[in-house]
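query04.txt, holding compact mmCIF, C-alpha atoms and all ligand atoms:
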```txt
# COMPACT_ATOMS: atom_id res chain seq x y z
CA MET A 144 14.65 7.97 -16.09
CA LYS A 145 12.64 10.35 -13.89
CA VAL A 146 9.60 9.12 -11.94
CA LEU A 147 6.90 11.23 -10.32
CA ALA A 148 6.38 9.56 -6.93
CA CYS A 149 2.90 10.05 -5.43
CA GLY A 150 2.53 9.53 -1.70
CA ALA A 151 6.23 10.29 -1.20
CA THR A 152 5.42 11.88 2.16
CA GLY A 153 3.32 8.91 3.29
CA LYS A 154 4.29 6.03 5.51
CA TYR A 155 3.89 3.59 2.60
CA GLY A 156 4.54 5.61 -0.55
CA GLY A 157 7.59 7.01 1.25
CA LEU A 158 9.15 3.54 1.18
CA VAL A 159 9.09 3.55 -2.63
CA VAL A 160 11.38 6.59 -2.90
CA PRO A 161 14.61 4.92 -1.65
CA GLU A 162 13.89 1.86 -3.82
CA LEU A 163 13.72 4.10 -6.89
CA ILE A 164 16.87 6.04 -5.97
CA GLN A 165 18.76 2.80 -5.33
CA ARG A 166 18.05 1.79 -8.93
CA GLY A 167 19.43 5.04 -10.32
CA ILE A 168 16.00 6.50 -11.01
CA GLU A 169 15.59 10.26 -10.53
CA VAL A 170 12.61 11.03 -8.30
CA ARG A 171 10.24 13.98 -8.43
CA ALA A 172 8.37 13.73 -5.14
CA VAL A 173 4.73 14.73 -4.87
CA ILE A 174 4.26 16.96 -1.84
CA HIS A 175 0.72 17.45 -0.57
CA ASP A 176 1.32 18.78 2.93
CA ALA A 177 4.23 21.22 2.49
CA THR A 178 5.33 20.78 6.11
CA LYS A 179 6.54 17.27 5.20
CA ILE A 180 9.00 18.42 2.54
CA ASP A 181 12.06 18.11 4.81
CA ALA A 182 11.47 14.39 5.36
CA VAL A 183 11.43 13.85 1.60
CA ARG A 184 14.57 15.97 1.08
CA ALA A 185 16.29 13.92 3.80
CA GLN A 186 15.81 10.89 1.56
CA GLY A 187 18.02 12.60 -1.03
CA VAL A 188 15.24 14.00 -3.24
CA ASP A 189 15.90 17.52 -4.55
CA ASP A 190 13.06 17.64 -7.08
CA THR A 191 9.77 18.15 -5.26
CA VAL A 192 6.46 19.47 -6.51
CA GLU A 193 3.34 20.52 -4.65
CA VAL A 194 0.38 18.67 -6.07
CA ASP A 195 -3.26 18.20 -5.25
CA LEU A 196 -4.08 15.00 -7.10
CA ALA A 197 -7.68 16.19 -7.38
CA ASP A 198 -6.56 19.28 -9.32
CA ARG A 199 -5.76 18.41 -12.94
CA SER A 200 -3.70 21.53 -13.61
CA SER A 201 -1.31 20.79 -10.74
CA VAL A 202 -1.01 17.17 -11.92
CA GLU A 203 -0.23 18.33 -15.48
CA ALA A 204 2.49 20.68 -14.22
CA ALA A 205 4.02 17.91 -12.10
CA LEU A 206 4.23 15.55 -15.10
CA ASP A 207 6.34 17.92 -17.19
CA GLY A 208 9.59 16.13 -18.00
CA VAL A 209 8.94 12.83 -16.22
CA ASP A 210 9.16 9.40 -17.85
CA GLY A 211 7.07 7.46 -15.36
CA VAL A 212 4.62 7.71 -12.47
CA PHE A 213 4.21 5.77 -9.25
CA LEU A 214 0.50 6.30 -8.60
CA LEU A 215 -0.87 5.93 -5.10
CA THR A 216 -4.08 7.57 -3.93
CA PRO A 217 -4.87 8.31 -0.26
CA ALA A 218 -6.89 5.59 1.48
CA PHE A 219 -10.60 6.36 2.03
CA HIS A 220 -10.32 9.84 0.49
CA PRO A 221 -13.70 10.73 -1.11
CA ASP A 222 -11.92 11.85 -4.32
CA ALA A 223 -9.47 8.92 -4.52
CA THR A 224 -10.99 7.43 -7.68
CA GLN A 225 -11.15 10.80 -9.40
CA MET A 226 -7.52 11.46 -8.44
CA GLY A 227 -6.44 8.24 -10.12
CA LEU A 228 -8.50 8.96 -13.24
CA ILE A 229 -7.02 12.46 -13.52
CA MET A 230 -3.51 11.02 -13.31
CA VAL A 231 -4.14 8.36 -15.96
CA SER A 232 -5.66 10.91 -18.31
CA ALA A 233 -2.94 13.53 -17.71
CA ALA A 234 -0.15 10.94 -17.99
CA THR A 235 -1.59 9.82 -21.32
CA ALA A 236 -1.77 13.42 -22.57
CA ALA A 237 1.82 14.03 -21.44
CA ALA A 238 2.95 10.83 -23.22
CA VAL A 239 4.50 9.52 -20.00
CA GLY A 240 5.91 6.11 -20.75
CA LYS A 241 5.10 4.16 -17.61
CA VAL A 242 2.51 4.15 -14.81
CA VAL A 243 2.82 1.84 -11.81
CA TYR A 244 -0.47 1.86 -9.91
CA ASN A 245 -0.67 0.82 -6.25
CA GLY A 246 -4.18 -0.63 -6.07
CA VAL A 247 -5.70 -3.08 -3.62
CA TYR A 248 -5.88 -6.85 -3.13
CA HIS A 249 -9.11 -8.37 -4.48
CA PRO A 250 -10.55 -5.26 -6.22
CA SER A 251 -13.60 -7.38 -7.02
CA LEU A 252 -14.69 -7.27 -3.36
CA ASP A 253 -17.83 -5.19 -2.92
CA LEU A 254 -16.22 -2.70 -0.52
CA PRO A 255 -15.93 1.06 -1.25
CA ASN A 256 -12.12 1.15 -1.06
CA HIS A 257 -11.90 -1.83 -3.43
CA VAL A 258 -14.68 -0.81 -5.83
CA GLY A 259 -13.09 2.64 -6.08
CA THR A 260 -9.90 1.23 -7.61
CA ARG A 261 -11.68 -0.54 -10.48
CA PRO A 262 -12.23 2.55 -12.67
CA ILE A 263 -8.54 3.43 -12.31
CA GLU A 264 -7.50 -0.06 -13.39
CA GLU A 265 -9.98 0.10 -16.28
CA ALA A 266 -8.64 3.47 -17.41
CA LEU A 267 -5.10 2.08 -17.45
CA TYR A 268 -6.18 -1.00 -19.42
CA ALA A 269 -7.94 1.23 -21.97
CA SER A 270 -5.00 3.62 -22.28
CA GLU A 271 -1.88 3.52 -24.45
CA LEU A 272 0.26 3.62 -21.29
CA ASP A 273 2.74 0.93 -20.27
CA PHE A 274 1.03 -0.03 -17.00
CA THR A 275 1.83 -2.20 -14.04
CA VAL A 276 -0.97 -2.70 -11.52
CA LEU A 277 0.00 -3.84 -8.03
CA GLN A 278 -2.66 -5.41 -5.81
CA PRO A 279 -1.09 -5.64 -2.35
CA ALA A 280 -2.65 -7.47 0.61
CA MET A 281 -2.96 -5.82 4.03
CA TYR A 282 0.23 -4.00 4.94
CA VAL A 283 2.02 -5.76 7.78
CA GLN A 284 3.35 -2.36 8.93
CA ALA A 285 -0.08 -1.74 10.52
CA LEU A 286 0.93 -4.29 13.15
CA ALA A 287 3.52 -1.88 14.59
CA ASP A 288 0.82 0.11 16.41
CA THR A 289 -0.96 -3.10 17.44
CA TYR A 290 2.27 -4.41 18.97
CA ARG A 291 3.08 -1.14 20.74
CA ASP A 292 -0.41 -1.04 22.27
CA ALA A 293 -0.23 -4.72 23.25
CA LEU A 294 3.01 -4.12 25.14
CA SER A 295 1.23 -1.61 27.38
CA THR A 296 -2.16 -3.37 27.71
CA GLY A 297 -1.33 -7.06 27.22
CA ALA A 298 -4.09 -7.28 24.58
CA VAL A 299 -3.64 -7.71 20.82
CA VAL A 300 -6.69 -5.88 19.50
CA ALA A 301 -8.12 -5.03 16.06
CA PRO A 302 -11.63 -4.10 14.89
CA TRP A 303 -12.48 -7.56 13.53
CA SER A 304 -12.77 -11.06 14.98
CA LYS A 305 -9.62 -12.52 16.47
CA HIS A 306 -10.44 -15.67 14.49
CA SER A 307 -10.59 -13.93 11.07
CA LYS A 308 -7.83 -15.21 8.80
CA MET A 309 -6.00 -12.33 7.12
CA SER A 310 -3.53 -12.03 4.22
CA TYR A 311 -0.62 -9.62 4.70
CA VAL A 312 2.32 -8.25 2.75
CA ASP A 313 5.35 -6.27 3.92
CA TYR A 314 5.15 -2.90 2.17
CA ARG A 315 8.94 -2.89 1.76
CA ASP A 316 8.46 -5.79 -0.66
CA VAL A 317 5.70 -3.88 -2.46
CA ALA A 318 8.00 -0.84 -2.71
CA GLU A 319 10.71 -3.02 -4.21
CA VAL A 320 8.27 -4.41 -6.79
CA ALA A 321 7.11 -0.88 -7.64
CA ALA A 322 10.68 0.18 -8.34
CA VAL A 323 11.41 -2.99 -10.34
CA ALA A 324 8.32 -2.22 -12.43
CA CYS A 325 9.81 1.17 -13.33
CA THR A 326 13.07 -0.33 -14.56
CA ASP A 327 12.28 -3.82 -15.82
CA SER A 328 9.94 -4.50 -18.72
CA ARG A 329 9.16 -7.98 -17.38
CA LEU A 330 6.43 -6.30 -15.27
CA SER A 331 4.98 -4.30 -18.19
CA TYR A 332 1.27 -4.71 -18.94
CA GLY A 333 0.80 -6.91 -15.88
CA THR A 334 -1.50 -6.98 -12.87
CA PHE A 335 0.03 -8.65 -9.84
CA GLU A 336 -1.44 -9.83 -6.53
CA LEU A 337 1.19 -9.30 -3.83
CA ALA A 338 0.97 -11.34 -0.62
CA ALA A 339 3.58 -12.54 1.87
CA GLY A 340 2.25 -16.10 1.94
CA GLY A 341 -0.43 -17.80 4.02
CA MET A 342 -3.05 -16.31 6.33
CA VAL A 343 -2.92 -15.62 10.05
CA ASP A 344 -5.58 -14.76 12.59
CA ARG A 345 -5.02 -12.57 15.63
CA VAL A 346 -4.61 -15.53 17.97
CA GLU A 347 -1.58 -16.57 15.89
CA ILE A 348 -0.36 -12.97 15.72
CA ALA A 349 -0.59 -12.75 19.51
CA GLU A 350 1.54 -15.91 19.78
CA LEU A 351 4.15 -14.41 17.44
CA MET A 352 4.10 -11.14 19.40
CA SER A 353 4.39 -13.02 22.71
CA GLN A 354 7.49 -14.82 21.43
CA ALA A 355 8.98 -11.56 20.17
CA ALA A 356 8.23 -9.64 23.38
CA GLY A 357 9.13 -12.47 25.76
CA THR A 358 5.87 -11.94 27.62
CA ALA A 359 2.32 -13.30 27.27
CA LEU A 360 0.06 -11.21 25.04
CA HIS A 361 -3.55 -12.24 24.32
CA ALA A 362 -5.76 -11.72 21.28
CA GLU A 363 -8.92 -9.83 22.17
CA ASP A 364 -11.90 -8.42 20.28
CA LEU A 365 -13.16 -4.88 20.68
CA PRO A 366 -16.20 -4.48 22.94
CA ALA A 367 -19.52 -4.71 21.02
CA GLY A 368 -20.58 -1.28 19.74
CA ALA A 369 -17.07 0.24 19.73
CA ASP A 370 -16.65 2.57 16.73
CA ALA A 371 -13.08 1.88 15.57
CA ALA A 372 -13.93 3.41 12.17
CA SER A 373 -14.61 6.86 13.73
CA GLY A 374 -17.74 7.24 11.64
CA GLU A 375 -15.94 6.64 8.31
CA PRO A 376 -18.46 4.46 6.41
CA GLY A 377 -15.89 2.87 4.06
CA LEU A 378 -13.69 1.87 6.94
CA ALA A 379 -16.68 0.54 8.91
CA ALA A 380 -17.73 -1.58 5.91
CA MET A 381 -14.20 -2.97 5.57
CA PHE A 382 -13.97 -3.86 9.27
CA ALA A 383 -17.40 -5.55 9.14
CA ASP A 384 -16.32 -7.59 6.12
CA TYR A 385 -13.07 -8.64 7.79
CA ASP A 386 -15.08 -9.57 10.87
CA ARG A 387 -17.42 -11.82 8.89
CA HIS A 388 -15.08 -13.27 6.27
CA GLY A 389 -11.49 -12.36 7.09
CA PHE A 390 -9.26 -11.29 4.18
CA HIS A 391 -8.58 -14.56 2.46
CA GLY A 392 -5.77 -15.13 0.00
CA GLY A 393 -2.08 -15.18 0.71
CA ASN A 394 -0.67 -16.91 -2.35
CA SER A 395 2.91 -15.64 -2.54
CA LEU A 396 3.87 -17.22 -5.87
CA VAL A 397 3.75 -13.96 -7.83
CA LEU A 398 5.59 -11.87 -5.23
CA GLN A 399 8.31 -14.48 -4.87
CA ALA A 400 8.73 -14.70 -8.65
CA ILE A 401 9.06 -10.94 -9.01
CA LEU A 402 11.45 -10.52 -6.07
CA ARG A 403 13.43 -13.64 -7.01
CA ARG A 404 13.60 -14.37 -3.28
CA PRO A 405 11.09 -15.39 -0.60
CA PRO A 406 8.93 -12.46 0.55
CA ARG A 407 9.29 -11.07 4.07
CA THR A 408 6.79 -12.84 6.36
CA VAL A 409 4.48 -11.63 9.12
CA GLY A 410 6.69 -13.49 11.61
CA ASP A 411 9.82 -11.76 10.25
CA TYR A 412 8.18 -8.38 10.74
CA ILE A 413 6.99 -9.08 14.28
CA THR A 414 10.48 -10.30 15.21
CA GLU A 415 11.88 -7.04 13.84
CA LEU A 416 9.41 -5.04 15.97
CA SER A 417 10.97 -6.43 19.13
CA GLY A 418 14.46 -5.44 18.01
CA PRO A 419 16.39 -2.27 18.83
N1 LIG B 1 -3.20 -0.16 4.47
C1 LIG B 1 -3.30 -1.28 3.79
O1 LIG B 1 -3.21 -2.39 4.35
C2 LIG B 1 -3.49 -1.22 2.29
C3 LIG B 1 -3.49 -2.41 1.59
C4 LIG B 1 -3.60 -2.37 0.20
C5 LIG B 1 -3.71 -1.16 -0.46
N2 LIG B 1 -3.73 0.00 0.28
C6 LIG B 1 -3.79 1.28 -0.46
O2 LIG B 1 -2.55 1.95 -0.27
C7 LIG B 1 -2.73 3.34 -0.52
C8 LIG B 1 -1.97 4.15 0.51
O3 LIG B 1 -2.52 4.00 1.78
P1 LIG B 1 -2.44 5.20 2.84
O4 LIG B 1 -3.23 6.36 2.36
O5 LIG B 1 -2.74 4.64 4.17
O6 LIG B 1 -0.90 5.53 2.76
P2 LIG B 1 0.04 6.76 2.73
O7 LIG B 1 1.33 6.23 2.22
O8 LIG B 1 -0.05 7.45 4.03
O9 LIG B 1 -0.57 7.66 1.54
C9 LIG B 1 -1.27 8.79 1.59
C10 LIG B 1 -0.45 9.79 0.74
O10 LIG B 1 -1.29 10.51 -0.12
C11 LIG B 1 -1.00 11.89 0.05
N3 LIG B 1 -2.17 12.69 -0.26
C12 LIG B 1 -3.29 12.85 0.47
N4 LIG B 1 -4.16 13.68 -0.17
C13 LIG B 1 -3.54 14.07 -1.31
C14 LIG B 1 -3.89 14.95 -2.38
N5 LIG B 1 -5.08 15.58 -2.42
N6 LIG B 1 -3.00 15.13 -3.39
C15 LIG B 1 -1.78 14.53 -3.36
N7 LIG B 1 -1.40 13.67 -2.39
C16 LIG B 1 -2.28 13.46 -1.37
C17 LIG B 1 -0.55 12.03 1.48
O11 LIG B 1 0.18 13.19 1.64
P3 LIG B 1 0.06 14.08 2.98
O12 LIG B 1 0.40 13.16 4.11
O13 LIG B 1 1.08 15.13 2.76
O14 LIG B 1 -1.36 14.57 3.03
C18 LIG B 1 0.29 10.76 1.64
O15 LIG B 1 1.59 10.95 1.15
C19 LIG B 1 -4.23 3.59 -0.53
O16 LIG B 1 -4.63 3.74 -1.87
C20 LIG B 1 -4.80 2.29 0.04
O17 LIG B 1 -6.08 2.00 -0.46
C21 LIG B 1 -3.62 0.00 1.62
```
Please lay out the structure from this file as structure tokens.
Amino acid sequence: MKVLACGATGKYGGLVVPELIQRGIEVRAVIHDATKIDAVRAQGVDDTVEVDLADRSSVEAALDGVDGVFLLTPAFHPDATQMGLIMVSAATAAAVGKVVYNGVYHPSLDLPNHVGTRPIEEALYASELDFTVLQPAMYVQALADTYRDALSTGAVVAPWSKHSKMSYVDYRDVAEVAAVACTDSRLSYGTFELAAGGMVDRVEIAELMSQAAGTALHAEDLPAGADAASGEPGLAAMFADYDRHGFHGGNSLVLQAILRRPPRTVGDYITELSGP
């Protein structure tokens, strides 16, 4: 089986590539920024293809000879929805057997980056494709930068209230599920919420980071008026929503059932951050 892996150069999509290879799946890696090709080759991928997901002809060329697609669109890109729709349409025309779509947790939330995934899901459900839709919670890997900054400032900071309860997932678990979906029909025609289990606020994260670092780190909020979204309206809307409501969820039943083991936890990840 050969899978076209979107986002293969990305910090998240790049984690899917080794999971596919480990299962004996041939990978054709989507390259967007050609300067990143060496990092993909270093993962053992010889078949690479330059693709602009917004350009249907380049997507069609990339699909020639593949049996499946791991579809991931860039976060907050203005054409992200169109990119997904092009891929679903082109994959259907190419009679690709399988599409695994990396969507978002709670696509029903009225936020641009959630709303934008709905047409892609709908197109998959209306297609003749064997689909698997993944709806992952917030990636725990984002905490790496938070931890690094906290070690130098003493403050555990994020652009939403320190009391907002958030649902996370370790993207390595998501990557494993994506690869399982390419090889195992038990995930066919399914839509799966993926969360590590439970919710944590930043006060609890600061406690976990303090234990890991062996020094006291404190949860803090950004000063009022700080523009952490750098003028990106979708990001600003998401931060405002997290600030008001948190990102509630965290039921790990589905992820545990798919992995056939307990998911990695937020605490596991923070402990790893303090390691060598
Ligand atoms: N962060 C979270 O907590 C979270 C949670 C749930 C879901 N998600 C979803 O996860 C997805 C990935 O997030 P991310 O963007 O931060 O991760 P990422 O893994 O960095 O993905 C971005 C990838 O898309 C590629 N790309 C950008 N423009 C492209 C184009 N025109 N054509 C082809 N490829 C292009 C990038 O390649 P280059 O680097 O070469 O440009 C990169 O490999 C997003 O859809 C996001 O909504 C995120």
Could you pull the residues within 10 Å of A:Arg166, counting all atoms listed in the file, minus those fewer than 5 positions along the same chain, as number ranges by chain? A: 161, 319, 322-323, 325-326
Please give me, as a PyMOL selection string, the residues lying within 7 Å of ligand LIG 1 (chain B) when counting only C-alpha atoms and all ligand atoms. chain A and resi 149-157+173-177+179+194-197+215-219+245-248+256+278-282+285
For the atom pair atom CA of A:Val212 and atom CA of A:Val243, what is the interatomic distance in Å to one decimal place?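 Atom CA of A:Val243 lies 6.2 Å from atom CA of A:Val212.
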Determine, counting all atoms listed in the file, which protein, DNA and RNA residues have an atom within 12 Å of an atom of A:Val320; residues of the same chain fewer than 5 positions away are not included. Present the result as number ranges by chain. A: 158-159, 162-163, 166, 213, 243-245, 275-279, 312-315, 325-327, 329-331, 334-338, 397-404, 406
Would you mind exporting the chosen residues as a PDB file, in the coordinates of the input, restricted to C-alpha atoms?
```
ATOM      1  CA  LEU A 158       9.150   3.540   1.180  1.00  0.00           C
ATOM      2  CA  VAL A 159       9.090   3.550  -2.630  1.00  0.00           C
ATOM      3  CA  GLU A 162      13.890   1.860  -3.820  1.00  0.00           C
ATOM      4  CA  LEU A 163      13.720   4.100  -6.890  1.00  0.00           C
ATOM      5  CA  ARG A 166      18.050   1.790  -8.930  1.00  0.00           C
ATOM      6  CA  PHE A 213       4.210   5.770  -9.250  1.00  0.00           C
ATOM      7  CA  VAL A 243       2.820   1.840 -11.810  1.00  0.00           C
ATOM      8  CA  TYR A 244      -0.470   1.860  -9.910  1.00  0.00           C
ATOM      9  CA  ASN A 245      -0.670   0.820  -6.250  1.00  0.00           C
ATOM     10  CA  THR A 275       1.830  -2.200 -14.040  1.00  0.00           C
ATOM     11  CA  VAL A 276      -0.970  -2.700 -11.520  1.00  0.00           C
ATOM     12  CA  LEU A 277       0.000  -3.840  -8.030  1.00  0.00           C
ATOM     13  CA  GLN A 278      -2.660  -5.410  -5.810  1.00  0.00           C
ATOM     14  CA  PRO A 279      -1.090  -5.640  -2.350  1.00  0.00           C
ATOM     15  CA  VAL A 312       2.320  -8.250   2.750  1.00  0.00           C
ATOM     16  CA  ASP A 313       5.350  -6.270   3.920  1.00  0.00           C
ATOM     17  CA  TYR A 314       5.150  -2.900   2.170  1.00  0.00           C
ATOM     18  CA  ARG A 315       8.940  -2.890   1.760  1.00  0.00           C
ATOM     19  CA  CYS A 325       9.810   1.170 -13.330  1.00  0.00           C
ATOM     20  CA  THR A 326      13.070  -0.330 -14.560  1.00  0.00           C
ATOM     21  CA  ASP A 327      12.280  -3.820 -15.820  1.00  0.00           C
ATOM     22  CA  ARG A 329       9.160  -7.980 -17.380  1.00  0.00           C
ATOM     23  CA  LEU A 330       6.430  -6.300 -15.270  1.00  0.00           C
ATOM     24  CA  SER A 331       4.980  -4.300 -18.190  1.00  0.00           C
ATOM     25  CA  THR A 334      -1.500  -6.980 -12.870  1.00  0.00           C
ATOM     26  CA  PHE A 335       0.030  -8.650  -9.840  1.00  0.00           C
ATOM     27  CA  GLU A 336      -1.440  -9.830  -6.530  1.00  0.00           C
ATOM     28  CA  LEU A 337       1.190  -9.300  -3.830  1.00  0.00           C
ATOM     29  CA  ALA A 338       0.970 -11.340  -0.620  1.00  0.00           C
ATOM     30  CA  VAL A 397       3.750 -13.960  -7.830  1.00  0.00           C
ATOM     31  CA  LEU A 398       5.590 -11.870  -5.230  1.00  0.00           C
ATOM     32  CA  GLN A 399       8.310 -14.480  -4.870  1.00  0.00           C
ATOM     33  CA  ALA A 400       8.730 -14.700  -8.650  1.00  0.00           C
ATOM     34  CA  ILE A 401       9.060 -10.940  -9.010  1.00  0.00           C
ATOM     35  CA  LEU A 402      11.450 -10.520  -6.070  1.00  0.00           C
ATOM     36  CA  ARG A 403      13.430 -13.640  -7.010  1.00  0.00           C
ATOM     37  CA  ARG A 404      13.600 -14.370  -3.280  1.00  0.00           C
ATOM     38  CA  PRO A 406       8.930 -12.460   0.550  1.00  0.00           C
TER      39      PRO A 406
END
```
Contacts of A:Pro302 at 12 Å or less, counting all atoms listed in the file, minus same-chain residues fewer than 5 places along, as a PyMOL selection string? chain A and resi 289+307+345+362-373+378-387+389
So that I have them on file, write out the residues from the current selection with C-alpha atoms, as an mmCIF file, keeping the file's coordinate frame.
```cif
data_model
loop_
_atom_site.group_PDB
_atom_site.id
_atom_site.type_symbol
_atom_site.label_atom_id
_atom_site.label_comp_id
_atom_site.auth_asym_id
_atom_site.auth_seq_id
_atom_site.Cartn_x
_atom_site.Cartn_y
_atom_site.Cartn_z
ATOM 1 C CA THR A 289 -0.960 -3.100 17.440
ATOM 2 C CA SER A 307 -10.590 -13.930 11.070
ATOM 3 C CA ARG A 345 -5.020 -12.570 15.630
ATOM 4 C CA ALA A 362 -5.760 -11.720 21.280
ATOM 5 C CA GLU A 363 -8.920 -9.830 22.170
ATOM 6 C CA ASP A 364 -11.900 -8.420 20.280
ATOM 7 C CA LEU A 365 -13.160 -4.880 20.680
ATOM 8 C CA PRO A 366 -16.200 -4.480 22.940
ATOM 9 C CA ALA A 367 -19.520 -4.710 21.020
ATOM 10 C CA GLY A 368 -20.580 -1.280 19.740
ATOM 11 C CA ALA A 369 -17.070 0.240 19.730
ATOM 12 C CA ASP A 370 -16.650 2.570 16.730
ATOM 13 C CA ALA A 371 -13.080 1.880 15.570
ATOM 14 C CA ALA A 372 -13.930 3.410 12.170
ATOM 15 C CA SER A 373 -14.610 6.860 13.730
ATOM 16 C CA LEU A 378 -13.690 1.870 6.940
ATOM 17 C CA ALA A 379 -16.680 0.540 8.910
ATOM 18 C CA ALA A 380 -17.730 -1.580 5.910
ATOM 19 C CA MET A 381 -14.200 -2.970 5.570
ATOM 20 C CA PHE A 382 -13.970 -3.860 9.270
ATOM 21 C CA ALA A 383 -17.400 -5.550 9.140
ATOM 22 C CA ASP A 384 -16.320 -7.590 6.120
ATOM 23 C CA TYR A 385 -13.070 -8.640 7.790
ATOM 24 C CA ASP A 386 -15.080 -9.570 10.870
ATOM 25 C CA ARG A 387 -17.420 -11.820 8.890
ATOM 26 C CA GLY A 389 -11.490 -12.360 7.090
#
```
Residue contacts of stretch 239-241 of chain A (6 Å, all atoms listed in the file) excluding same-chain residues fewer than 2 positions away, as number ranges by chain: A: 210-211, 234, 237, 273-274
Taking into account all atoms listed in the file, which residue in the set A:Gly392, A:Ile348, A:Ser295, A:Ala233 is nearest to A:Ser310?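 Once distances to A:Ser310 are computed over all atoms listed in the file, the minimum belongs to A:Gly392.
Proximity to A:Tyr268 was assessed for A:Ser328, A:Thr358, A:Thr224, A:Ser232 counting all atoms listed in the file; the smallest distance is recorded for A:Ser232.
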Could you tell me which of A:Thr414, A:Leu351, A:Val242, A:Gly227 comes closest to A:Ala324 if we count only C-alpha atoms? A:Val242
Can you measure atom CA of A:Glu203 to atom CA of A:Asp316 for me? One decimal in Å is fine.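 Here the two named atoms are 29.6 Å from each other.
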Just how far from atom CA of A:Ile229 is atom CA of A:Val160, in Å to one decimal? 22.0 Å
